[in-house]
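As stored in entry04.tsv (TSV, C-alpha atoms):
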chain	number	residue	atom	x	y	z
A	17	MET	CA	93.30	129.72	56.58
A	18	THR	CA	91.50	129.71	59.83
A	19	GLN	CA	87.98	128.72	60.54
A	20	THR	CA	85.38	130.01	62.88
A	21	LEU	CA	85.52	128.75	66.39
A	22	LYS	CA	82.54	126.70	67.33
A	23	LEU	CA	82.36	125.98	71.00
A	24	ALA	CA	79.25	124.29	72.17
A	25	SER	CA	77.90	121.52	74.30
A	26	ILE	CA	76.68	118.90	71.88
A	27	ALA	CA	74.14	116.96	73.83
A	28	GLY	CA	73.33	114.75	70.90
A	29	LEU	CA	76.88	113.56	70.62
A	30	LEU	CA	77.25	112.63	74.23
A	31	SER	CA	75.84	109.16	73.94
A	32	ALA	CA	78.51	108.45	71.33
A	33	LEU	CA	81.27	110.24	73.16
A	34	LEU	CA	80.74	109.01	76.70
A	35	VAL	CA	81.46	105.36	76.13
A	36	GLY	CA	83.72	104.84	79.08
A	37	PRO	CA	87.33	105.55	79.79
A	38	ALA	CA	89.80	105.16	76.99
A	39	VAL	CA	92.74	102.95	77.78
A	40	ALA	CA	95.58	105.36	78.19
A	41	HIS	CA	98.70	105.90	80.19
A	42	HIS	CA	96.91	108.38	82.38
A	43	SER	CA	93.48	109.50	83.36
A	44	PHE	CA	92.15	111.90	80.77
A	45	ALA	CA	89.63	113.01	83.36
A	46	ALA	CA	92.46	114.48	85.45
A	47	ALA	CA	93.29	116.98	82.72
A	48	TYR	CA	90.03	117.33	80.80
A	49	ASP	CA	86.41	117.92	81.74
A	50	THR	CA	84.81	114.73	80.48
A	51	SER	CA	81.40	115.70	81.85
A	52	PRO	CA	78.65	116.76	79.41
A	53	GLU	CA	79.50	120.38	80.21
A	54	GLY	CA	83.02	119.86	78.94
A	55	ALA	CA	82.04	118.62	75.48
A	56	ILE	CA	83.21	120.87	72.66
A	57	THR	CA	83.33	120.88	68.89
A	58	ILE	CA	85.90	123.02	67.11
A	59	GLU	CA	86.62	123.64	63.45
A	60	GLY	CA	90.09	124.80	62.49
A	61	THR	CA	93.15	124.39	60.33
A	62	ILE	CA	95.81	121.83	61.17
A	63	VAL	CA	99.23	123.34	61.83
A	64	ASN	CA	100.96	120.29	63.26
A	65	VAL	CA	100.35	116.65	64.16
A	66	ARG	CA	102.71	115.15	66.71
A	67	LEU	CA	102.83	111.37	66.77
A	68	THR	CA	104.57	111.31	70.11
A	69	ASN	CA	104.62	108.94	73.03
A	70	PRO	CA	102.77	108.34	75.14
A	71	HIS	CA	100.00	110.24	73.35
A	72	SER	CA	99.65	112.05	70.07
A	73	PHE	CA	98.62	115.69	69.72
A	74	PHE	CA	96.79	117.59	67.00
A	75	PHE	CA	97.45	121.35	66.82
A	76	LEU	CA	95.10	123.61	64.90
A	77	ASP	CA	94.48	127.32	64.44
A	78	VAL	CA	91.00	128.42	65.28
A	79	GLU	CA	89.40	131.83	64.83
A	80	ASP	CA	87.49	132.98	67.89
A	81	GLU	CA	84.40	135.18	68.07
A	82	ASN	CA	86.55	138.33	67.93
A	83	GLY	CA	88.47	137.24	64.87
A	84	ALA	CA	91.62	136.42	66.78
A	85	VAL	CA	93.44	133.21	65.88
A	86	VAL	CA	93.90	130.86	68.79
A	87	ARG	CA	96.10	127.78	68.58
A	88	TRP	CA	94.41	124.77	70.13
A	89	SER	CA	95.89	121.40	70.94
A	90	PHE	CA	93.99	118.15	71.23
A	91	GLU	CA	95.43	115.06	72.87
A	92	ALA	CA	94.71	111.77	71.09
A	93	GLY	CA	95.70	108.14	71.45
A	94	THR	CA	99.01	106.33	71.53
A	95	PRO	CA	101.00	106.42	68.28
A	96	SER	CA	101.25	102.61	68.39
A	97	GLY	CA	97.49	102.20	68.51
A	98	MET	CA	96.87	104.87	65.86
A	99	LEU	CA	99.39	103.42	63.44
A	100	ARG	CA	98.12	99.88	63.89
A	101	ASN	CA	94.60	101.18	63.27
A	102	GLY	CA	95.69	102.41	59.87
A	103	TYR	CA	96.62	106.00	60.62
A	104	SER	CA	99.72	107.33	58.92
A	105	PRO	CA	101.52	110.69	59.07
A	106	GLU	CA	100.33	111.43	55.53
A	107	VAL	CA	96.65	111.19	56.45
A	108	ILE	CA	96.19	114.59	58.11
A	109	LYS	CA	98.60	117.33	57.11
A	110	GLU	CA	99.31	120.98	57.75
A	111	GLY	CA	96.63	123.14	56.14
A	112	ASP	CA	93.87	120.54	56.31
A	113	VAL	CA	90.58	121.84	57.65
A	114	VAL	CA	89.16	119.55	60.30
A	115	THR	CA	86.38	119.47	62.85
A	116	ILE	CA	87.30	118.01	66.22
A	117	SER	CA	84.87	116.92	68.91
A	118	GLY	CA	86.08	116.19	72.38
A	119	PHE	CA	86.39	117.64	75.84
A	120	ARG	CA	88.07	120.87	76.88
A	121	ALA	CA	90.57	121.30	79.71
A	122	HIS	CA	89.19	121.70	83.21
A	123	ASP	CA	90.48	125.27	83.10
A	124	PRO	CA	88.32	126.75	80.34
A	125	SER	CA	90.82	129.54	79.73
A	126	LYS	CA	93.24	127.02	78.23
A	127	PRO	CA	92.90	126.14	74.54
A	128	ASN	CA	93.47	122.45	75.07
A	129	GLY	CA	91.29	119.44	74.71
A	130	MET	CA	91.01	115.69	74.51
A	131	LEU	CA	90.12	114.38	71.07
A	132	ARG	CA	87.29	111.93	70.70
A	133	GLU	CA	86.47	112.42	67.02
A	134	LEU	CA	88.12	114.18	64.11
A	135	VAL	CA	86.31	114.75	60.79
A	136	THR	CA	88.21	115.84	57.70
A	137	ALA	CA	86.78	118.09	54.97
A	138	ASP	CA	85.81	115.05	52.88
A	139	GLY	CA	83.83	113.63	55.78
A	140	THR	CA	86.27	110.92	56.85
A	141	VAL	CA	85.89	110.23	60.55
A	142	TYR	CA	88.78	109.38	62.87
A	143	GLY	CA	88.60	108.39	66.49
A	144	MET	CA	91.06	108.90	69.30
A	145	PHE	CA	93.08	105.96	68.04
A	146	GLY	CA	92.80	106.53	64.31
A	147	PRO	CA	90.33	105.43	61.66
A	148	ARG	CA	86.94	104.28	62.84
A	149	GLU	CA	86.71	101.84	59.96
A	150	GLY	CA	89.26	99.98	57.95
A	151	PRO	CA	91.65	97.09	58.13
A	152	VAL	CA	93.88	96.49	61.08
A	153	ALA	CA	97.50	97.06	60.14
A	154	ARG	CA	99.11	93.71	59.50
B	21	MET	CA	69.69	50.16	88.20
B	22	SER	CA	66.18	50.93	86.89
B	23	ALA	CA	65.58	51.39	83.17
B	24	VAL	CA	64.76	55.07	83.69
B	25	ARG	CA	67.92	55.71	85.71
B	26	ARG	CA	70.03	53.77	83.23
B	27	MET	CA	68.55	55.78	80.38
B	28	ARG	CA	69.33	59.03	82.25
B	29	THR	CA	72.88	57.88	82.90
B	30	THR	CA	73.35	56.92	79.29
B	31	GLY	CA	71.92	60.26	78.16
B	32	LEU	CA	74.21	62.15	80.51
B	33	ALA	CA	77.24	60.24	79.30
B	34	ALA	CA	76.29	60.94	75.69
B	35	ALA	CA	75.89	64.62	76.47
B	36	CYS	CA	79.30	64.70	78.17
B	37	ILE	CA	80.91	63.00	75.20
B	38	ALA	CA	79.20	65.42	72.83
B	39	LEU	CA	80.39	68.38	74.90
B	40	ALA	CA	83.92	66.97	75.09
B	41	VAL	CA	83.99	66.45	71.35
B	42	ALA	CA	82.59	69.92	70.75
B	43	GLY	CA	85.13	71.38	73.16
B	44	SER	CA	87.93	69.49	71.52
B	45	ALA	CA	86.87	70.70	68.10
B	46	ALA	CA	86.60	74.27	69.35
B	47	ALA	CA	90.04	74.03	70.92
B	48	GLN	CA	91.51	73.15	67.56
B	49	ASP	CA	89.79	75.86	65.57
B	50	GLY	CA	92.77	78.15	65.89
B	51	GLY	CA	95.29	75.47	64.98
B	52	GLU	CA	97.59	73.22	66.96
B	53	VAL	CA	99.57	74.71	69.80
B	54	SER	CA	103.31	74.51	69.23
B	55	ARG	CA	105.38	73.15	72.08
B	56	MET	CA	108.72	74.00	73.57
B	57	ALA	CA	111.64	71.59	73.90
B	58	ASN	CA	110.33	70.48	77.29
B	59	GLY	CA	106.98	69.52	75.75
B	60	LYS	CA	105.05	72.35	77.35
B	61	PRO	CA	102.86	74.72	75.29
B	62	ASP	CA	104.77	77.62	73.81
B	63	LEU	CA	102.99	80.79	74.97
B	64	SER	CA	105.14	83.04	72.79
B	65	GLY	CA	103.41	85.69	70.74
B	66	VAL	CA	101.85	89.11	70.80
B	67	TRP	CA	98.47	88.99	72.50
B	68	TRP	CA	95.59	91.46	72.47
B	69	GLY	CA	91.83	91.79	72.44
B	70	GLY	CA	91.47	91.51	68.69
B	71	GLY	CA	92.40	95.11	67.95
B	72	ASP	CA	93.72	98.32	69.38
B	73	VAL	CA	91.46	100.38	71.57
B	74	GLY	CA	88.80	102.05	69.47
B	75	GLY	CA	89.95	100.29	66.34
B	76	PRO	CA	88.40	97.54	64.22
B	77	GLY	CA	88.11	94.24	66.01
B	78	PHE	CA	88.74	95.51	69.51
B	79	ARG	CA	86.82	93.83	72.28
B	80	VAL	CA	87.20	93.52	75.99
B	81	GLY	CA	88.71	90.14	76.82
B	82	GLY	CA	86.26	89.20	79.54
B	83	PRO	CA	82.79	89.85	80.95
B	84	GLY	CA	81.77	93.04	82.64
B	85	ARG	CA	80.63	95.43	79.93
B	86	GLY	CA	77.78	93.46	78.48
B	87	GLU	CA	74.38	92.53	79.81
B	88	GLY	CA	73.82	91.11	83.28
B	89	PRO	CA	75.31	92.09	86.59
B	90	PRO	CA	78.95	93.13	86.37
B	91	PRO	CA	81.47	90.84	88.05
B	92	ALA	CA	83.08	91.92	91.29
B	93	THR	CA	85.99	94.28	90.99
B	94	PHE	CA	88.99	94.65	93.27
B	95	THR	CA	87.49	97.70	94.96
B	96	ASP	CA	84.10	96.04	95.47
B	97	LEU	CA	85.90	93.87	98.01
B	98	TYR	CA	87.51	96.66	100.02
B	99	GLN	CA	87.29	96.37	103.79
B	100	PRO	CA	85.37	99.30	105.32
B	101	SER	CA	88.55	101.16	106.28
B	102	ALA	CA	89.93	100.74	102.77
B	103	ALA	CA	86.69	101.94	101.22
B	104	GLU	CA	86.83	104.97	103.49
B	105	HIS	CA	90.37	105.73	102.35
B	106	ALA	CA	89.45	105.19	98.69
B	107	ALA	CA	86.69	107.77	98.99
B	108	MET	CA	89.35	110.38	99.72
B	109	LEU	CA	91.25	109.66	96.49
B	110	SER	CA	90.48	110.66	92.91
B	111	ASP	CA	91.87	110.93	89.39
B	112	LYS	CA	94.64	113.29	90.42
B	113	ASP	CA	96.09	110.65	92.78
B	114	ASP	CA	96.52	108.04	90.04
B	115	PRO	CA	100.21	106.97	90.08
B	116	THR	CA	100.14	106.41	86.32
B	117	LEU	CA	99.93	110.19	85.92
B	118	GLN	CA	103.63	110.08	86.80
B	119	CYS	CA	104.28	107.22	84.38
B	120	VAL	CA	104.31	104.68	87.18
B	121	SER	CA	103.11	101.22	86.20
B	122	THR	CA	100.08	99.53	87.67
B	123	ALA	CA	100.32	96.56	90.01
B	124	PHE	CA	97.87	94.61	87.87
B	125	GLY	CA	96.64	96.09	84.59
B	126	THR	CA	93.98	97.79	82.60
B	127	LEU	CA	91.27	95.64	81.06
B	128	ASN	CA	91.94	93.09	83.82
B	129	VAL	CA	94.96	91.67	81.99
B	130	ARG	CA	98.11	91.95	84.09
B	131	MET	CA	100.60	91.64	81.26
B	132	TYR	CA	98.98	94.63	79.52
B	133	ASP	CA	99.91	96.91	82.44
B	134	VAL	CA	98.75	100.31	81.12
B	135	GLY	CA	97.75	99.33	77.64
B	136	ALA	CA	95.90	96.78	75.58
B	137	VAL	CA	98.59	94.63	74.03
B	138	ALA	CA	101.43	92.50	75.41
B	139	GLN	CA	104.03	90.02	74.24
B	140	ILE	CA	105.23	86.74	75.69
B	141	VAL	CA	108.66	85.28	74.93
B	142	ALA	CA	108.80	81.77	76.35
B	143	THR	CA	111.66	79.34	76.86
B	144	PRO	CA	111.67	76.13	78.90
B	145	ASP	CA	113.34	77.83	81.87
B	146	LEU	CA	112.17	81.43	81.58
B	147	VAL	CA	108.99	83.14	80.42
B	148	VAL	CA	109.20	86.86	79.71
B	149	PHE	CA	106.15	89.13	79.74
B	150	LEU	CA	106.57	92.39	77.81
B	151	SER	CA	104.18	95.30	78.15
B	152	GLU	CA	103.96	97.93	75.45
B	153	THR	CA	103.83	100.76	77.95
B	154	PHE	CA	106.88	102.11	79.74
B	155	HIS	CA	109.14	99.37	78.35
B	156	GLY	CA	107.67	97.12	81.00
B	157	TYR	CA	108.79	93.55	81.48
B	158	GLN	CA	108.53	90.70	83.95
B	159	LEU	CA	110.84	87.72	84.11
B	160	VAL	CA	109.21	84.50	85.26
B	161	PRO	CA	111.72	81.73	85.96
B	162	THR	CA	110.31	78.21	85.74
B	163	ASP	CA	113.35	76.27	86.94
B	164	GLY	CA	111.99	75.72	90.41
B	165	ARG	CA	113.70	78.62	92.15
B	166	ASP	CA	111.90	80.49	94.90
B	167	HIS	CA	111.00	84.17	94.91
B	168	PRO	CA	114.22	86.21	94.92
B	169	PRO	CA	115.31	87.98	98.11
B	170	LEU	CA	114.99	91.39	96.47
B	171	PRO	CA	113.41	94.64	97.63
B	172	PRO	CA	109.73	95.05	96.71
B	173	ALA	CA	108.97	96.07	93.14
B	174	ARG	CA	106.04	97.87	91.54
B	175	ARG	CA	105.23	94.88	89.36
B	176	GLY	CA	106.21	92.42	92.10
B	177	HIS	CA	108.47	89.41	91.69
B	178	ALA	CA	107.24	86.34	89.86
B	179	VAL	CA	108.00	82.64	89.66
B	180	GLY	CA	106.22	80.11	87.50
B	181	HIS	CA	105.56	76.42	87.14
B	182	TRP	CA	103.56	74.14	84.89
B	183	ASP	CA	100.41	72.37	86.01
B	184	GLY	CA	99.93	70.03	83.08
B	185	ASP	CA	99.55	72.36	80.10
B	186	THR	CA	98.63	75.33	82.27
B	187	PHE	CA	101.31	77.88	83.12
B	188	VAL	CA	100.91	79.08	86.71
B	189	VAL	CA	102.50	82.37	87.75
B	190	GLU	CA	102.77	83.52	91.35
B	191	VAL	CA	103.60	87.17	91.90
B	192	GLU	CA	104.36	88.77	95.25
B	193	ASN	CA	106.65	91.29	96.96
B	194	PHE	CA	104.92	94.38	95.58
B	195	THR	CA	105.48	97.94	96.68
B	196	ASP	CA	102.36	99.71	97.93
B	197	ASP	CA	102.71	102.86	95.80
B	198	THR	CA	100.80	101.68	92.74
B	199	TRP	CA	97.18	101.07	91.88
B	200	ILE	CA	95.59	97.95	90.47
B	201	TRP	CA	94.31	99.84	87.40
B	202	ALA	CA	94.96	103.14	85.63
B	203	GLU	CA	92.79	105.84	84.03
B	204	GLY	CA	92.03	107.41	87.37
B	205	ARG	CA	90.18	104.40	88.72
B	206	VAL	CA	91.01	104.46	92.41
B	207	SER	CA	92.36	101.02	93.30
B	208	PHE	CA	95.16	101.23	95.83
B	209	HIS	CA	96.47	98.07	97.47
B	210	SER	CA	98.87	97.08	100.24
B	211	ASP	CA	102.31	95.47	100.10
B	212	ALA	CA	100.62	92.19	101.05
B	213	LEU	CA	99.33	91.98	97.49
B	214	ARG	CA	99.77	88.59	95.84
B	215	VAL	CA	98.59	87.43	92.43
B	216	VAL	CA	98.21	83.91	91.11
B	217	GLU	CA	97.58	83.52	87.38
B	218	ARG	CA	96.87	80.54	85.14
B	219	TYR	CA	97.66	80.82	81.43
B	220	GLN	CA	96.28	78.32	78.93
B	221	ARG	CA	97.00	78.48	75.22
B	222	VAL	CA	93.90	76.61	74.15
B	223	ASP	CA	94.79	76.78	70.48
B	224	ALA	CA	97.38	78.51	68.36
B	225	ASP	CA	95.38	81.73	68.31
B	226	THR	CA	93.82	81.85	71.77
B	227	LEU	CA	95.18	82.49	75.24
B	228	VAL	CA	92.90	82.17	78.27
B	229	ILE	CA	93.97	83.79	81.53
B	230	ASP	CA	92.48	83.23	84.96
B	231	ALA	CA	93.78	85.18	87.92
B	232	THR	CA	93.10	85.56	91.61
B	233	VAL	CA	94.29	88.62	93.52
B	234	TYR	CA	94.93	88.38	97.25
B	235	ASP	CA	95.38	91.35	99.56
B	236	PRO	CA	94.27	90.48	103.09
B	237	GLU	CA	95.30	93.92	104.33
B	238	VAL	CA	92.60	95.72	102.33
B	239	LEU	CA	90.23	93.09	100.90
B	240	THR	CA	87.51	91.11	102.64
B	241	GLU	CA	88.21	88.14	100.37
B	242	PRO	CA	90.36	87.37	97.31
B	243	TRP	CA	89.31	88.99	94.07
B	244	VAL	CA	88.63	86.41	91.35
B	245	VAL	CA	89.38	88.25	88.14
B	246	PRO	CA	86.96	87.57	85.29
B	247	THR	CA	88.46	85.09	82.83
B	248	GLN	CA	90.19	86.90	79.99
B	249	THR	CA	90.36	85.46	76.49
B	250	LEU	CA	92.99	87.03	74.25
B	251	GLU	CA	93.82	86.54	70.59
B	252	ILE	CA	97.15	86.25	68.86
B	253	ALA	CA	97.87	89.61	67.22
B	254	PRO	CA	98.63	89.85	63.49
B	255	PHE	CA	102.08	91.33	64.14
B	256	ASP	CA	105.11	89.95	65.92
B	257	MET	CA	106.51	92.84	67.95
B	258	LEU	CA	105.31	95.53	70.31
B	259	PHE	CA	105.95	99.19	69.62
B	260	PRO	CA	107.94	101.17	72.19
B	261	LEU	CA	105.76	103.52	74.20
B	262	ASP	CA	107.63	105.93	76.42
B	263	CYS	CA	106.08	108.18	78.99
B	264	SER	CA	107.35	111.51	80.23
B	265	GLY	CA	104.57	112.42	82.63
B	266	VAL	CA	104.85	116.07	81.68
B	267	GLU	CA	102.83	116.50	78.50
B	268	THR	CA	99.61	117.39	80.27
B	269	GLN	CA	101.01	118.24	83.68
B	270	GLU	CA	100.16	121.93	83.35
B	271	LEU	CA	96.54	121.08	82.64
B	272	MET	CA	96.38	118.69	85.54
B	273	ASP	CA	97.93	121.24	87.89
B	274	ALA	CA	95.35	123.79	86.77
B	275	ALA	CA	92.58	121.26	87.36
B	276	ALA	CA	93.90	120.58	90.85
B	277	GLU	CA	93.90	124.30	91.64
B	278	LEU	CA	90.31	124.60	90.45
B	279	ASP	CA	89.35	121.82	92.89
B	280	GLU	CA	90.85	123.67	95.86
Could you take the file, read its structure, and then write that structure out as structure tokens?
Amino acid sequence: MTQTLKLASIAGLLSALLVGPAVAHHSFAAAYDTSPEGAITIEGTIVNVRLTNPHSFFFLDVEDENGAVVRWSFEAGTPSGMLRNGYSPEVIKEGDVVTISGFRAHDPSKPNGMLRELVTADGTVYGMFGPREGPVAR
Amino acid sequence: MSAVRRMRTTGLAAACIALAVAGSAAAQDGGEVSRMANGKPDLSGVWWGGGDVGGPGFRVGGPGRGEGPPPATFTDLYQPSAAEHAAMLSDKDDPTLQCVSTAFGTLNVRMYDVGAVAQIVATPDLVVFLSETFHGYQLVPTDGRDHPPLPPARRGHAVGHWDGDTFVVEVENFTDDTWIWAEGRVSFHSDALRVVERYQRVDADTLVIDATVYDPEVLTEPWVVPTQTLEIAPFDMLFPLDCSGVETQELMDAAAELDE
């Protein structure tokens, strides 16, 4: 199942999104447009989650305005940080419908982005490094 | 001594005693510091800012993101020629894009390198700093030897000694192809870079780090790093975090072309 592509600048989210640079192995700003103009929100269906070093990636199929399915990827945090924050590979699986907010690539023709927030169908919110709330893995 | 002056002196002494007692009590809140065979505090443990980035409990280990004027940064102290050079650099020039370590570290904690958690393995003669990123490590001998006659290194070469219960680390002999920080924050330095750090395990759960960064080739004066206060992490090992430098290279190349 694919979902309708929603690409928009979400001015209201910017105060929450633009909270400073995430600690990462590289500058996200080098690959992604972290300005207000680069903010996007996309709804789609998860096809793969890669918990890979140095950063994780979420892949999802998204239906564009013409009905074509486009496969997007969103770069997230380090697997170590996500796992310690309580994320596990069973949390988000293939076929899950999610809404991702973040920033698109500098080249707008590329279906790639940087993840800042992921919301599952039941409303659970995840950040770049996993759950926003919950116990630290011990 | 007049009665008024004596009273002031007595009051001051009482206040000092009260502060000392309060400080002593605070220092023991996290439990007694274990000691190594040589009697020095054992710094061993995994240290972080109370959580992973963006996760529950995370906080920056020092001042700079709260109220009040931010403390000076390394680049605030650039000489005019260095500031001019820095203005020509940007995100795309960040060495960490190629999985190269920093010379200092994100969040103003050197042992983090590019990350937010680090581990110390301490013995009486050798202290080992482990960074989660890039399998990074630094060996700090404490047996009195001098800096080794080795070629420059990206993380420099370190020796350490104890000043009472404070572990002092002196790092020098850096290459000049790294930045002080990561995440695209322009912060180049010269090969004259030198770092002096002081580590104090004030209780079982708390590590306080003070550092001063010297680089007379590019700075007008030494950079006094804001004091960092770290917590013992609730796990005993780092995770490996490799870096290929290629996963977003295509996007970064495209971004560079758009800039041209």
For A:Phe73, list every protein, DNA or RNA residue within 8 Å, evaluated using only C-alpha atoms, and leave out those in the same chain fewer than 2 positions away; present the list as a compact mmCIF listing (two decimals) with C-alpha atoms, in the coordinates of the input.
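Result file follows (out.txt):
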# COMPACT_ATOMS: atom_id res chain seq x y z
CA VAL A 65 100.35 116.65 64.16
CA ARG A 66 102.71 115.15 66.71
CA LEU A 67 102.83 111.37 66.77
CA THR A 68 104.57 111.31 70.11
CA HIS A 71 100.00 110.24 73.35
CA PHE A 75 97.45 121.35 66.82
CA SER A 89 95.89 121.40 70.94
CA PHE A 90 93.99 118.15 71.23
CA GLU A 91 95.43 115.06 72.87
CA ALA A 92 94.71 111.77 71.09
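Closest to B:Val215 among B:Leu278, B:Ala123, B:Val134, B:Val66 is B:Ala123, based on all atoms listed in the file.
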Counting only C-alpha atoms, which residues in stretch 155-208 of chain B sit no more than 12 Å from stretch 238-256 of chain B? For each one, give the nearest pair of atoms and the distance in Å, sorted by chain then residue number, as JSON lines.
{"residue": "B:Asp196", "atom": "CA", "partner": "B:Val238", "partner_atom": "CA", "distance": 11.4}
{"residue": "B:Ile200", "atom": "CA", "partner": "B:Trp243", "partner_atom": "CA", "distance": 11.5}
{"residue": "B:Ser207", "atom": "CA", "partner": "B:Val238", "partner_atom": "CA", "distance": 10.5}
{"residue": "B:Phe208", "atom": "CA", "partner": "B:Val238", "partner_atom": "CA", "distance": 8.9}
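Atom CA of B:Met257 is positioned 28.4 Å from atom CA of A:Met130.
Between atom CA of A:Trp88 and atom CA of A:Asn128 there is a distance of 5.5 Å.
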Worksheet item: Between A:Asn69, A:Ala55, A:Val107, A:Asn101, which has the minimum distance to B:Gly70 (counting all atoms listed in the file)?
Response: A:Asn101
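Counting all atoms listed in the file and comparing A:Met98, A:Ala47, A:Leu131, A:Ile62, the residue that lies closest to chain B is A:Ala47.
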Worksheet item: Which residues come within 8 Å of B:Val191, counting all atoms listed in the file, excluding same-chain residues fewer than 5 positions away, as JSON, numbers by chain?
Response: {"B": [176, 177, 178, 179, 214, 215, 216]}
Item to complete: Return the single residue from B:Val160, B:Ala212, B:Val206, B:Met56 that is closest to chain A, with distances computed using all atoms listed in the file.
Response: B:Val206
May I ask you to extract the residues of chain B within 9 Å of chain A, using only C-alpha atoms, and to give them as a PDB file with C-alpha atoms, in the coordinates of the input?
ATOM      1  CA  GLY B  71      92.400  95.110  67.950  1.00  0.00           C
ATOM      2  CA  ASP B  72      93.720  98.320  69.380  1.00  0.00           C
ATOM      3  CA  VAL B  73      91.460 100.380  71.570  1.00  0.00           C
ATOM      4  CA  GLY B  74      88.800 102.050  69.470  1.00  0.00           C
ATOM      5  CA  GLY B  75      89.950 100.290  66.340  1.00  0.00           C
ATOM      6  CA  PRO B  76      88.400  97.540  64.220  1.00  0.00           C
ATOM      7  CA  GLY B  77      88.110  94.240  66.010  1.00  0.00           C
ATOM      8  CA  SER B 110      90.480 110.660  92.910  1.00  0.00           C
ATOM      9  CA  ASP B 111      91.870 110.930  89.390  1.00  0.00           C
ATOM     10  CA  LYS B 112      94.640 113.290  90.420  1.00  0.00           C
ATOM     11  CA  ASP B 114      96.520 108.040  90.040  1.00  0.00           C
ATOM     12  CA  PRO B 115     100.210 106.970  90.080  1.00  0.00           C
ATOM     13  CA  THR B 116     100.140 106.410  86.320  1.00  0.00           C
ATOM     14  CA  LEU B 117      99.930 110.190  85.920  1.00  0.00           C
ATOM     15  CA  GLN B 118     103.630 110.080  86.800  1.00  0.00           C
ATOM     16  CA  CYS B 119     104.280 107.220  84.380  1.00  0.00           C
ATOM     17  CA  SER B 121     103.110 101.220  86.200  1.00  0.00           C
ATOM     18  CA  THR B 126      93.980  97.790  82.600  1.00  0.00           C
ATOM     19  CA  LEU B 127      91.270  95.640  81.060  1.00  0.00           C
ATOM     20  CA  VAL B 134      98.750 100.310  81.120  1.00  0.00           C
ATOM     21  CA  GLY B 135      97.750  99.330  77.640  1.00  0.00           C
ATOM     22  CA  ALA B 136      95.900  96.780  75.580  1.00  0.00           C
ATOM     23  CA  GLU B 152     103.960  97.930  75.450  1.00  0.00           C
ATOM     24  CA  THR B 153     103.830 100.760  77.950  1.00  0.00           C
ATOM     25  CA  PHE B 154     106.880 102.110  79.740  1.00  0.00           C
ATOM     26  CA  ALA B 202      94.960 103.140  85.630  1.00  0.00           C
ATOM     27  CA  GLU B 203      92.790 105.840  84.030  1.00  0.00           C
ATOM     28  CA  GLY B 204      92.030 107.410  87.370  1.00  0.00           C
ATOM     29  CA  ARG B 205      90.180 104.400  88.720  1.00  0.00           C
ATOM     30  CA  ALA B 253      97.870  89.610  67.220  1.00  0.00           C
ATOM     31  CA  PRO B 254      98.630  89.850  63.490  1.00  0.00           C
ATOM     32  CA  PHE B 255     102.080  91.330  64.140  1.00  0.00           C
ATOM     33  CA  LEU B 258     105.310  95.530  70.310  1.00  0.00           C
ATOM     34  CA  PHE B 259     105.950  99.190  69.620  1.00  0.00           C
ATOM     35  CA  PRO B 260     107.940 101.170  72.190  1.00  0.00           C
ATOM     36  CA  LEU B 261     105.760 103.520  74.200  1.00  0.00           C
ATOM     37  CA  ASP B 262     107.630 105.930  76.420  1.00  0.00           C
ATOM     38  CA  CYS B 263     106.080 108.180  78.990  1.00  0.00           C
ATOM     39  CA  SER B 264     107.350 111.510  80.230  1.00  0.00           C
ATOM     40  CA  GLY B 265     104.570 112.420  82.630  1.00  0.00           C
ATOM     41  CA  GLU B 267     102.830 116.500  78.500  1.00  0.00           C
ATOM     42  CA  THR B 268      99.610 117.390  80.270  1.00  0.00           C
ATOM     43  CA  GLN B 269     101.010 118.240  83.680  1.00  0.00           C
ATOM     44  CA  GLU B 270     100.160 121.930  83.350  1.00  0.00           C
ATOM     45  CA  LEU B 271      96.540 121.080  82.640  1.00  0.00           C
ATOM     46  CA  MET B 272      96.380 118.690  85.540  1.00  0.00           C
ATOM     47  CA  ASP B 273      97.930 121.240  87.890  1.00  0.00           C
ATOM     48  CA  ALA B 274      95.350 123.790  86.770  1.00  0.00           C
ATOM     49  CA  ALA B 275      92.580 121.260  87.360  1.00  0.00           C
ATOM     50  CA  ALA B 276      93.900 120.580  90.850  1.00  0.00           C
ATOM     51  CA  LEU B 278      90.310 124.600  90.450  1.00  0.00           C
TER      52      LEU B 278
END
Worksheet item: Which value, in Å to one decimal, gives the distance between atom CA of B:Pro171 and atom CA of B:Thr232?
Response: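 The value is 23.0 Å.
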Worksheet item: Contacts of A:Val113 at 7 Å or less, counting only C-alpha atoms, minus same-chain residues fewer than 5 places along, as a PyMOL selection string?
Response: chain A and resi 60-62+136-137
Discussion item. Applying 9 Å and all atoms listed in the file, which residues near A:Val86 remain after dropping the ones on its own chain fewer than 5 positions away? List them as a list of chain:residue names.
Written reply: A:Leu21, A:Leu76, A:Asp77, A:Val78, A:Glu79, A:Asp80, A:Pro127
Worksheet entry | Which residue of B:Leu97, B:Phe187, B:Asp49, B:Ser64 approaches B:Pro236 most closely, using only C-alpha atoms |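 So, comparing all the options, the nearest one is B:Leu97.
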